[in-house]
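Asker: Sharing my_file-v6.txt, compact mmCIF, C-alpha atoms:
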```
# COMPACT_ATOMS: atom_id res chain seq x y z
CA MET G 1 21.80 -71.43 111.91
CA LEU G 2 19.14 -73.91 113.01
CA GLU G 3 16.66 -72.09 110.79
CA LYS G 4 19.01 -72.38 107.85
CA THR G 5 19.50 -76.11 108.48
CA MET G 6 15.75 -76.64 108.61
CA ARG G 7 15.30 -74.77 105.34
CA VAL G 8 18.05 -76.76 103.58
CA ASN G 9 16.48 -79.96 104.88
CA ALA G 10 13.06 -78.93 103.58
CA LEU G 11 14.40 -77.94 100.17
CA TYR G 12 16.32 -81.21 100.04
CA ASP G 13 13.07 -83.09 100.64
CA PHE G 14 11.55 -81.49 97.56
CA TYR G 15 14.48 -81.46 95.16
CA GLN G 16 16.84 -84.28 96.11
CA LEU G 17 16.02 -86.29 92.99
CA LEU G 18 17.31 -83.45 90.82
CA LEU G 19 20.76 -83.74 92.43
CA THR G 20 23.59 -86.12 91.50
CA PRO G 21 24.12 -89.30 93.58
CA LYS G 22 27.31 -87.77 95.00
CA GLN G 23 25.47 -84.61 96.06
CA GLN G 24 22.73 -86.71 97.63
CA GLU G 25 25.31 -88.76 99.53
CA TYR G 26 27.07 -85.72 101.04
CA MET G 27 23.75 -84.01 101.85
CA THR G 28 22.39 -87.12 103.57
CA LEU G 29 25.52 -87.61 105.63
CA TYR G 30 25.80 -83.94 106.62
CA TYR G 31 22.19 -82.84 107.11
CA LEU G 32 20.36 -86.06 107.95
CA ASN G 33 23.04 -88.16 109.67
CA ASP G 34 24.81 -85.18 111.25
CA TYR G 35 28.33 -86.18 110.13
CA SER G 36 31.02 -83.50 110.30
CA LEU G 37 32.83 -82.34 107.14
CA GLY G 38 35.92 -84.22 108.35
CA GLU G 39 33.98 -87.45 108.87
CA ILE G 40 32.43 -87.27 105.40
CA ALA G 41 35.87 -86.58 103.90
CA GLU G 42 37.21 -89.70 105.63
CA VAL G 43 34.29 -91.94 104.67
CA CYS G 44 34.31 -90.79 101.03
CA ASP G 45 38.09 -90.56 100.72
CA VAL G 46 38.15 -86.94 99.51
CA SER G 47 39.43 -83.68 101.02
CA ARG G 48 37.41 -81.77 103.60
CA GLN G 49 37.45 -78.81 101.21
CA ALA G 50 35.94 -80.91 98.41
CA VAL G 51 33.05 -81.93 100.69
CA TYR G 52 32.54 -78.32 101.78
CA ASP G 53 32.54 -77.01 98.19
CA ASN G 54 30.13 -79.71 97.06
CA LEU G 55 27.69 -78.97 99.92
CA LYS G 56 27.82 -75.21 99.29
CA ARG G 57 27.19 -75.71 95.56
CA THR G 58 24.29 -78.03 96.38
CA GLU G 59 22.72 -75.48 98.71
CA VAL G 60 22.93 -72.85 95.96
CA MET G 61 21.30 -75.28 93.52
CA LEU G 62 18.50 -76.08 95.98
CA GLU G 63 17.71 -72.37 96.35
CA ALA G 64 17.80 -71.99 92.55
CA PHE G 65 15.28 -74.85 92.17
CA GLU G 66 13.06 -73.21 94.77
CA ASP G 67 13.30 -69.85 92.96
CA LYS G 68 12.09 -71.57 89.81
CA LEU G 69 9.51 -74.09 91.05
CA ALA G 70 8.59 -72.75 94.53
CA LEU G 71 7.50 -76.22 95.70
CA PHE G 72 8.35 -75.55 99.35
CA LYS G 73 6.65 -72.15 99.33
CA LYS G 74 3.50 -73.61 97.75
CA TYR G 75 3.59 -76.48 100.24
CA GLN G 76 3.60 -74.02 103.14
CA GLU G 77 0.74 -72.02 101.61
CA ARG G 78 -1.19 -75.24 101.06
CA LEU G 79 -0.70 -76.26 104.71
CA LYS G 80 -2.13 -72.94 105.82
CA LEU G 81 -5.14 -73.22 103.51
CA PHE G 82 -5.74 -76.83 104.54
CA SER G 83 -5.89 -75.70 108.12
CA GLU G 84 -8.41 -72.92 107.30
CA LEU G 85 -10.44 -75.33 105.21
CA LYS G 86 -10.53 -77.88 108.03
CA SER G 87 -11.88 -75.31 110.48
CA ALA G 88 -14.53 -74.15 108.02
CA ILE G 89 -15.55 -77.70 107.17
CA GLN G 90 -15.71 -78.77 110.80
CA LEU G 91 -18.48 -76.23 111.31
CA ALA G 92 -20.35 -77.11 108.14
CA ASP G 93 -19.83 -80.87 108.08
CA PRO G 94 -19.62 -82.21 111.64
CA ASN G 95 -20.06 -85.78 110.43
CA GLY G 96 -16.80 -85.41 108.54
CA GLU G 97 -17.72 -86.79 105.12
CA THR G 98 -15.13 -84.49 103.58
CA ALA G 99 -12.33 -85.38 106.00
CA GLY G 100 -11.18 -88.41 104.00
CA ILE G 101 -10.83 -86.41 100.79
CA LEU G 102 -8.94 -83.64 102.57
CA LYS G 103 -6.55 -86.21 104.01
CA LYS G 104 -5.81 -87.54 100.52
CA LEU G 105 -5.15 -84.01 99.28
CA GLU G 106 -2.70 -83.35 102.09
CA ASN G 107 -0.90 -86.62 101.46
CA LEU G 108 -0.11 -85.56 97.89
CA ASP G 109 2.67 -83.28 99.15
CA MET N 1 -0.07 -87.41 68.31
CA LEU N 2 -2.45 -84.79 69.71
CA GLU N 3 -2.28 -86.57 73.05
CA LYS N 4 1.51 -86.46 72.98
CA THR N 5 1.46 -82.73 72.14
CA MET N 6 -0.90 -82.06 75.02
CA ARG N 7 1.34 -83.97 77.40
CA VAL N 8 4.48 -82.13 76.28
CA ASN N 9 2.63 -78.83 76.65
CA ALA N 10 1.54 -79.76 80.16
CA LEU N 11 5.01 -80.87 81.22
CA TYR N 12 6.43 -77.69 79.71
CA ASP N 13 4.04 -75.66 81.88
CA PHE N 14 5.48 -77.26 84.99
CA TYR N 15 9.18 -77.47 84.15
CA GLN N 16 9.97 -74.73 81.65
CA LEU N 17 12.02 -72.75 84.15
CA LEU N 18 14.43 -75.68 84.51
CA LEU N 19 15.27 -75.49 80.78
CA THR N 20 17.82 -73.24 79.07
CA PRO N 21 16.63 -70.04 77.32
CA LYS N 22 17.37 -71.67 73.94
CA GLN N 23 15.28 -74.75 74.82
CA GLN N 24 12.46 -72.49 76.00
CA GLU N 25 12.61 -70.52 72.75
CA TYR N 26 12.36 -73.60 70.51
CA MET N 27 9.62 -75.15 72.67
CA THR N 28 7.56 -71.95 72.64
CA LEU N 29 7.85 -71.54 68.88
CA TYR N 30 7.09 -75.20 68.14
CA TYR N 31 4.45 -76.14 70.71
CA LEU N 32 2.81 -72.84 71.60
CA ASN N 33 3.15 -70.81 68.39
CA ASP N 34 2.85 -73.82 66.08
CA TYR N 35 5.92 -72.99 63.97
CA SER N 36 7.32 -75.78 61.77
CA LEU N 37 10.87 -77.08 62.29
CA GLY N 38 11.88 -75.30 59.07
CA GLU N 39 10.41 -71.99 60.21
CA ILE N 40 12.22 -72.17 63.57
CA ALA N 41 15.45 -73.04 61.76
CA GLU N 42 15.05 -69.94 59.60
CA VAL N 43 14.11 -67.60 62.45
CA CYS N 44 16.96 -68.82 64.67
CA ASP N 45 19.50 -69.20 61.87
CA VAL N 46 20.37 -72.85 62.62
CA SER N 47 19.79 -76.12 60.77
CA ARG N 48 16.46 -77.90 60.83
CA GLN N 49 18.25 -80.92 62.31
CA ALA N 50 19.64 -78.81 65.17
CA VAL N 51 16.12 -77.64 66.06
CA TYR N 52 14.79 -81.20 65.87
CA ASP N 53 17.58 -82.59 68.08
CA ASN N 54 17.11 -79.81 70.62
CA LEU N 55 13.35 -80.38 70.82
CA LYS N 56 13.77 -84.16 71.19
CA ARG N 57 16.34 -83.71 73.96
CA THR N 58 14.04 -81.26 75.71
CA GLU N 59 11.12 -83.70 75.59
CA VAL N 60 13.33 -86.40 77.15
CA MET N 61 14.36 -83.95 79.86
CA LEU N 62 10.75 -82.98 80.59
CA GLU N 63 9.82 -86.65 81.06
CA ALA N 64 12.86 -87.11 83.30
CA PHE N 65 11.76 -84.16 85.47
CA GLU N 66 8.28 -85.66 85.67
CA ASP N 67 9.72 -89.06 86.65
CA LYS N 68 11.55 -87.36 89.50
CA LEU N 69 9.09 -84.71 90.73
CA ALA N 70 5.72 -85.93 89.37
CA LEU N 71 4.28 -82.40 89.44
CA PHE N 72 1.89 -83.02 86.53
CA LYS N 73 0.71 -86.35 87.96
CA LYS N 74 0.08 -84.79 91.37
CA TYR N 75 -1.70 -81.87 89.72
CA GLN N 76 -4.08 -84.26 87.99
CA GLU N 77 -4.72 -86.18 91.21
CA ARG N 78 -5.34 -82.90 92.99
CA LEU N 79 -7.87 -81.80 90.35
CA LYS N 80 -9.77 -85.06 90.85
CA LEU N 81 -9.77 -84.69 94.64
CA PHE N 82 -10.81 -81.03 94.42
CA SER N 83 -13.77 -82.08 92.33
CA GLU N 84 -14.78 -84.77 94.87
CA LEU N 85 -14.30 -82.32 97.70
CA LYS N 86 -16.46 -79.71 95.99
CA SER N 87 -19.32 -82.16 95.58
CA ALA N 88 -19.07 -83.27 99.21
CA ILE N 89 -18.88 -79.68 100.47
CA GLN N 90 -21.80 -78.52 98.33
CA LEU N 91 -24.01 -80.94 100.24
CA ALA N 92 -22.63 -80.06 103.64
CA ASP N 93 -22.09 -76.34 103.19
CA PRO N 94 -24.70 -74.92 100.82
CA ASN N 95 -23.87 -71.34 101.83
CA GLY N 96 -20.38 -71.89 100.44
CA GLU N 97 -18.21 -70.55 103.24
CA THR N 98 -15.49 -72.98 102.19
CA ALA N 99 -15.63 -72.17 98.47
CA GLY N 100 -13.22 -69.23 98.74
CA ILE N 101 -10.56 -71.30 100.49
CA LEU N 102 -10.91 -74.12 97.96
CA LYS N 103 -10.47 -71.62 95.13
CA LYS N 104 -7.21 -70.40 96.68
CA LEU N 105 -5.99 -74.00 97.00
CA GLU N 106 -6.72 -74.69 93.35
CA ASN N 107 -4.97 -71.52 92.25
CA LEU N 108 -1.72 -72.69 93.85
CA ASP N 109 -1.11 -75.09 90.93
```
How does this structure look as structure tokens?

Answerer:
Amino acid sequence: MLEKTMRVNALYDFYQLLLTPKQQEYMTLYYLNDYSLGEIAEVCDVSRQAVYDNLKRTEVMLEAFEDKLALFKKYQERLKLFSELKSAIQLADPNGETAGILKKLENLD
Amino acid sequence: MLEKTMRVNALYDFYQLLLTPKQQEYMTLYYLNDYSLGEIAEVCDVSRQAVYDNLKRTEVMLEAFEDKLALFKKYQERLKLFSELKSAIQLADPNGETAGILKKLENLD
């Protein structure tokens, strides 16, 4: 369950701007602010079921975006390669001239 | 005009999977296979205007995806940083131990 929450959070990071404002609101309350379904229903003046359905649909959409664009998967692969590159560079370039460029590359994600 | 075509092509590379099959078909015929609007209309058995409207809508959608995800912009920034990194590494690591890792990083885009 925790693993699933972490994955939804990560996918949300990458794709939130492709969601509607309403979807973003429910996702933020539920996954980032840790509201319960009942609390969101009360705050937004809708039924608990409506919140649940919206969140489930959003999760399906996030996985569909990931299937198509694979931004999270590529990000993870990039992290791994950055780490390998850093080790290799540390040996070859102890003065760290390349470190600044690598940092910029990492910050692009 | 050529610049615009190149940009649409690039955005299409990044976001084509977020488009409908029909949008992908028209875009491929027009931008990749260089069909005219009239030729697409004939092949797909629709009006020339319908093809035009679909293509225009698709271009607007591609720019909207880029506004939100900036994949093309980040790709260009990454290319620039890869190039800087390569120059810096070439000085520090003439035996090229890091070259293989850099290649893998570039291939992620």

Asker: Could you fit chain G onto chain N by least squares over every C-alpha atom, paired in order, and give me the moved chain as a JSON list (two decimals) with C-alpha atoms, in the frame of the given file?

Answerer:
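Once everything was written out, this is part.json:
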```
[["chain", "number", "residue", "atom", "x", "y", "z"],
["G", 1, "MET", "CA", -0.02, -87.44, 68.27],
["G", 2, "LEU", "CA", -2.42, -84.83, 69.65],
["G", 3, "GLU", "CA", -2.26, -86.58, 73.01],
["G", 4, "LYS", "CA", 1.52, -86.45, 72.95],
["G", 5, "THR", "CA", 1.47, -82.73, 72.09],
["G", 6, "MET", "CA", -0.90, -82.04, 74.97],
["G", 7, "ARG", "CA", 1.33, -83.96, 77.36],
["G", 8, "VAL", "CA", 4.48, -82.12, 76.23],
["G", 9, "ASN", "CA", 2.63, -78.83, 76.61],
["G", 10, "ALA", "CA", 1.52, -79.74, 80.13],
["G", 11, "LEU", "CA", 4.99, -80.85, 81.18],
["G", 12, "TYR", "CA", 6.40, -77.67, 79.67],
["G", 13, "ASP", "CA", 4.02, -75.64, 81.83],
["G", 14, "PHE", "CA", 5.45, -77.24, 84.95],
["G", 15, "TYR", "CA", 9.14, -77.44, 84.11],
["G", 16, "GLN", "CA", 9.95, -74.70, 81.61],
["G", 17, "LEU", "CA", 12.00, -72.72, 84.13],
["G", 18, "LEU", "CA", 14.38, -75.66, 84.50],
["G", 19, "LEU", "CA", 15.23, -75.48, 80.78],
["G", 20, "THR", "CA", 17.80, -73.24, 79.06],
["G", 21, "PRO", "CA", 16.61, -70.04, 77.30],
["G", 22, "LYS", "CA", 17.38, -71.68, 73.95],
["G", 23, "GLN", "CA", 15.29, -74.74, 74.82],
["G", 24, "GLN", "CA", 12.46, -72.49, 75.97],
["G", 25, "GLU", "CA", 12.62, -70.52, 72.73],
["G", 26, "TYR", "CA", 12.38, -73.60, 70.48],
["G", 27, "MET", "CA", 9.64, -75.15, 72.64],
["G", 28, "THR", "CA", 7.57, -71.95, 72.59],
["G", 29, "LEU", "CA", 7.88, -71.55, 68.85],
["G", 30, "TYR", "CA", 7.12, -75.21, 68.10],
["G", 31, "TYR", "CA", 4.48, -76.15, 70.67],
["G", 32, "LEU", "CA", 2.83, -72.84, 71.53],
["G", 33, "ASN", "CA", 3.20, -70.82, 68.32],
["G", 34, "ASP", "CA", 2.91, -73.84, 66.01],
["G", 35, "TYR", "CA", 5.99, -73.01, 63.90],
["G", 36, "SER", "CA", 7.39, -75.80, 61.73],
["G", 37, "LEU", "CA", 10.95, -77.09, 62.26],
["G", 38, "GLY", "CA", 11.96, -75.32, 59.04],
["G", 39, "GLU", "CA", 10.50, -72.00, 60.18],
["G", 40, "ILE", "CA", 12.28, -72.19, 63.54],
["G", 41, "ALA", "CA", 15.54, -73.05, 61.75],
["G", 42, "GLU", "CA", 15.12, -69.95, 59.57],
["G", 43, "VAL", "CA", 14.19, -67.61, 62.42],
["G", 44, "CYS", "CA", 17.03, -68.84, 64.66],
["G", 45, "ASP", "CA", 19.58, -69.23, 61.87],
["G", 46, "VAL", "CA", 20.42, -72.87, 62.64],
["G", 47, "SER", "CA", 19.87, -76.15, 60.77],
["G", 48, "ARG", "CA", 16.52, -77.92, 60.82],
["G", 49, "GLN", "CA", 18.31, -80.93, 62.32],
["G", 50, "ALA", "CA", 19.69, -78.82, 65.18],
["G", 51, "VAL", "CA", 16.16, -77.64, 66.05],
["G", 52, "TYR", "CA", 14.84, -81.20, 65.86],
["G", 53, "ASP", "CA", 17.62, -82.58, 68.09],
["G", 54, "ASN", "CA", 17.15, -79.81, 70.63],
["G", 55, "LEU", "CA", 13.36, -80.39, 70.81],
["G", 56, "LYS", "CA", 13.79, -84.16, 71.18],
["G", 57, "ARG", "CA", 16.37, -83.71, 73.95],
["G", 58, "THR", "CA", 14.04, -81.25, 75.69],
["G", 59, "GLU", "CA", 11.13, -83.69, 75.56],
["G", 60, "VAL", "CA", 13.33, -86.38, 77.13],
["G", 61, "MET", "CA", 14.35, -83.93, 79.86],
["G", 62, "LEU", "CA", 10.73, -82.97, 80.55],
["G", 63, "GLU", "CA", 9.80, -86.63, 81.02],
["G", 64, "ALA", "CA", 12.84, -87.09, 83.29],
["G", 65, "PHE", "CA", 11.72, -84.14, 85.45],
["G", 66, "GLU", "CA", 8.24, -85.63, 85.65],
["G", 67, "ASP", "CA", 9.68, -89.03, 86.64],
["G", 68, "LYS", "CA", 11.49, -87.32, 89.49],
["G", 69, "LEU", "CA", 9.04, -84.67, 90.71],
["G", 70, "ALA", "CA", 5.67, -85.91, 89.33],
["G", 71, "LEU", "CA", 4.23, -82.37, 89.40],
["G", 72, "PHE", "CA", 1.84, -83.00, 86.51],
["G", 73, "LYS", "CA", 0.67, -86.33, 87.94],
["G", 74, "LYS", "CA", 0.05, -84.77, 91.36],
["G", 75, "TYR", "CA", -1.74, -81.86, 89.70],
["G", 76, "GLN", "CA", -4.13, -84.26, 87.97],
["G", 77, "GLU", "CA", -4.75, -86.17, 91.21],
["G", 78, "ARG", "CA", -5.37, -82.88, 93.00],
["G", 79, "LEU", "CA", -7.91, -81.81, 90.36],
["G", 80, "LYS", "CA", -9.80, -85.04, 90.87],
["G", 81, "LEU", "CA", -9.80, -84.68, 94.66],
["G", 82, "PHE", "CA", -10.83, -81.03, 94.43],
["G", 83, "SER", "CA", -13.80, -82.08, 92.37],
["G", 84, "GLU", "CA", -14.81, -84.77, 94.93],
["G", 85, "LEU", "CA", -14.30, -82.32, 97.76],
["G", 86, "LYS", "CA", -16.48, -79.71, 96.05],
["G", 87, "SER", "CA", -19.35, -82.18, 95.67],
["G", 88, "ALA", "CA", -19.07, -83.27, 99.29],
["G", 89, "ILE", "CA", -18.88, -79.70, 100.54],
["G", 90, "GLN", "CA", -21.80, -78.55, 98.42],
["G", 91, "LEU", "CA", -24.00, -80.96, 100.35],
["G", 92, "ALA", "CA", -22.61, -80.07, 103.75],
["G", 93, "ASP", "CA", -22.09, -76.34, 103.30],
["G", 94, "PRO", "CA", -24.71, -74.94, 100.92],
["G", 95, "ASN", "CA", -23.88, -71.38, 101.94],
["G", 96, "GLY", "CA", -20.41, -71.92, 100.53],
["G", 97, "GLU", "CA", -18.21, -70.57, 103.32],
["G", 98, "THR", "CA", -15.51, -73.01, 102.27],
["G", 99, "ALA", "CA", -15.67, -72.19, 98.56],
["G", 100, "GLY", "CA", -13.26, -69.25, 98.81],
["G", 101, "ILE", "CA", -10.59, -71.32, 100.54],
["G", 102, "LEU", "CA", -10.96, -74.13, 98.02],
["G", 103, "LYS", "CA", -10.52, -71.64, 95.19],
["G", 104, "LYS", "CA", -7.26, -70.41, 96.72],
["G", 105, "LEU", "CA", -6.02, -73.99, 97.04],
["G", 106, "GLU", "CA", -6.77, -74.70, 93.39],
["G", 107, "ASN", "CA", -5.03, -71.52, 92.29],
["G", 108, "LEU", "CA", -1.78, -72.68, 93.88],
["G", 109, "ASP", "CA", -1.16, -75.05, 90.96]]
```

Asker: Can you check which residues of chain G have any atom within 12 Å of chain N? Use only C-alpha atoms and format it as a PyMOL selection string.

Answerer: chain G and resi 13-19+61+64-109

Asker: Taking all atoms listed in the file into account, name the residue in G:Leu55, G:Glu63, G:Thr5, G:Tyr26 that is nearest to G:Glu42.

Answerer: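 Between G:Leu55, G:Glu63, G:Thr5, G:Tyr26, the residue approaching G:Glu42 most closely is G:Tyr26.
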
Asker: One decimal, in Å: what's the spacing between atom CA of G:Arg48 and atom CA of G:Ala10?

Answerer: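 Pair atom CA of G:Arg48 / atom CA of G:Ala10 returns 24.5 Å.
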
Asker: Would you mind reading off the distance between atom CA of N:Val43 and atom CA of N:Val60, one decimal, in Å?

Answerer: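 Straight-line distance from atom CA of N:Val43 to atom CA of N:Val60 works out to 23.9 Å.
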
Asker: I'd like the interatomic distance between atom CA of G:Glu39 and atom CA of G:Val51, to a tenth of an Å.

Answerer: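 It comes out at 9.9 Å.
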
Asker: What would stretch 29-59 of chain N look like with N, CA and C atoms restored, written as a short mmCIF file (atom, residue, chain, number, x, y, z; two decimals), in the frame of the given file?

Answerer:
```cif
data_model
loop_
_atom_site.label_atom_id
_atom_site.label_comp_id
_atom_site.auth_asym_id
_atom_site.auth_seq_id
_atom_site.Cartn_x
_atom_site.Cartn_y
_atom_site.Cartn_z
N LEU N 29 8.15 -71.71 70.31
CA LEU N 29 7.85 -71.54 68.88
C LEU N 29 7.13 -72.79 68.34
N TYR N 30 7.63 -73.96 68.72
CA TYR N 30 7.09 -75.20 68.14
C TYR N 30 5.74 -75.58 68.75
N TYR N 31 5.67 -75.61 70.07
CA TYR N 31 4.45 -76.14 70.71
C TYR N 31 3.39 -75.07 70.97
N LEU N 32 3.82 -73.87 71.28
CA LEU N 32 2.81 -72.84 71.60
C LEU N 32 2.44 -72.01 70.37
N ASN N 33 3.45 -71.66 69.55
CA ASN N 33 3.15 -70.81 68.39
C ASN N 33 2.97 -71.61 67.10
N ASP N 34 3.13 -72.93 67.22
CA ASP N 34 2.85 -73.82 66.08
C ASP N 34 3.73 -73.56 64.85
N TYR N 35 4.96 -73.11 65.08
CA TYR N 35 5.92 -72.99 63.97
C TYR N 35 6.33 -74.39 63.53
N SER N 36 6.73 -74.52 62.24
CA SER N 36 7.32 -75.78 61.77
C SER N 36 8.80 -75.79 62.12
N LEU N 37 9.42 -76.99 62.04
CA LEU N 37 10.87 -77.08 62.29
C LEU N 37 11.63 -76.14 61.35
N GLY N 38 11.21 -76.14 60.08
CA GLY N 38 11.88 -75.30 59.07
C GLY N 38 11.77 -73.82 59.40
N GLU N 39 10.60 -73.41 59.87
CA GLU N 39 10.41 -71.99 60.21
C GLU N 39 11.28 -71.58 61.41
N ILE N 40 11.37 -72.48 62.41
CA ILE N 40 12.22 -72.17 63.57
C ILE N 40 13.67 -72.08 63.12
N ALA N 41 14.07 -73.04 62.26
CA ALA N 41 15.45 -73.04 61.76
C ALA N 41 15.77 -71.70 61.09
N GLU N 42 14.82 -71.19 60.32
CA GLU N 42 15.05 -69.94 59.60
C GLU N 42 15.13 -68.76 60.58
N VAL N 43 14.15 -68.69 61.48
CA VAL N 43 14.11 -67.60 62.45
C VAL N 43 15.37 -67.57 63.32
N CYS N 44 15.84 -68.77 63.72
CA CYS N 44 16.96 -68.82 64.67
C CYS N 44 18.31 -69.00 63.96
N ASP N 45 18.28 -69.08 62.66
CA ASP N 45 19.50 -69.20 61.87
C ASP N 45 20.34 -70.42 62.27
N VAL N 46 19.68 -71.56 62.38
CA VAL N 46 20.37 -72.85 62.62
C VAL N 46 19.76 -73.88 61.67
N SER N 47 20.32 -75.09 61.67
CA SER N 47 19.79 -76.12 60.77
C SER N 47 18.49 -76.70 61.34
N ARG N 48 17.69 -77.24 60.43
CA ARG N 48 16.46 -77.90 60.83
C ARG N 48 16.76 -79.05 61.78
N GLN N 49 17.86 -79.77 61.49
CA GLN N 49 18.25 -80.92 62.31
C GLN N 49 18.59 -80.47 63.74
N ALA N 50 19.25 -79.33 63.85
CA ALA N 50 19.64 -78.81 65.17
C ALA N 50 18.38 -78.51 66.00
N VAL N 51 17.38 -77.94 65.35
CA VAL N 51 16.12 -77.64 66.06
C VAL N 51 15.46 -78.94 66.50
N TYR N 52 15.41 -79.90 65.57
CA TYR N 52 14.79 -81.20 65.87
C TYR N 52 15.47 -81.87 67.06
N ASP N 53 16.81 -81.94 67.01
CA ASP N 53 17.58 -82.59 68.08
C ASP N 53 17.33 -81.90 69.42
N ASN N 54 17.33 -80.57 69.40
CA ASN N 54 17.11 -79.81 70.62
C ASN N 54 15.72 -80.12 71.20
N LEU N 55 14.71 -80.12 70.35
CA LEU N 55 13.35 -80.38 70.82
C LEU N 55 13.23 -81.80 71.39
N LYS N 56 13.84 -82.77 70.71
CA LYS N 56 13.77 -84.16 71.19
C LYS N 56 14.44 -84.29 72.56
N ARG N 57 15.62 -83.68 72.68
CA ARG N 57 16.34 -83.71 73.96
C ARG N 57 15.51 -83.07 75.06
N THR N 58 14.86 -81.97 74.72
CA THR N 58 14.04 -81.26 75.71
C THR N 58 12.88 -82.14 76.17
N GLU N 59 12.25 -82.83 75.21
CA GLU N 59 11.12 -83.70 75.59
C GLU N 59 11.59 -84.81 76.53
#
```
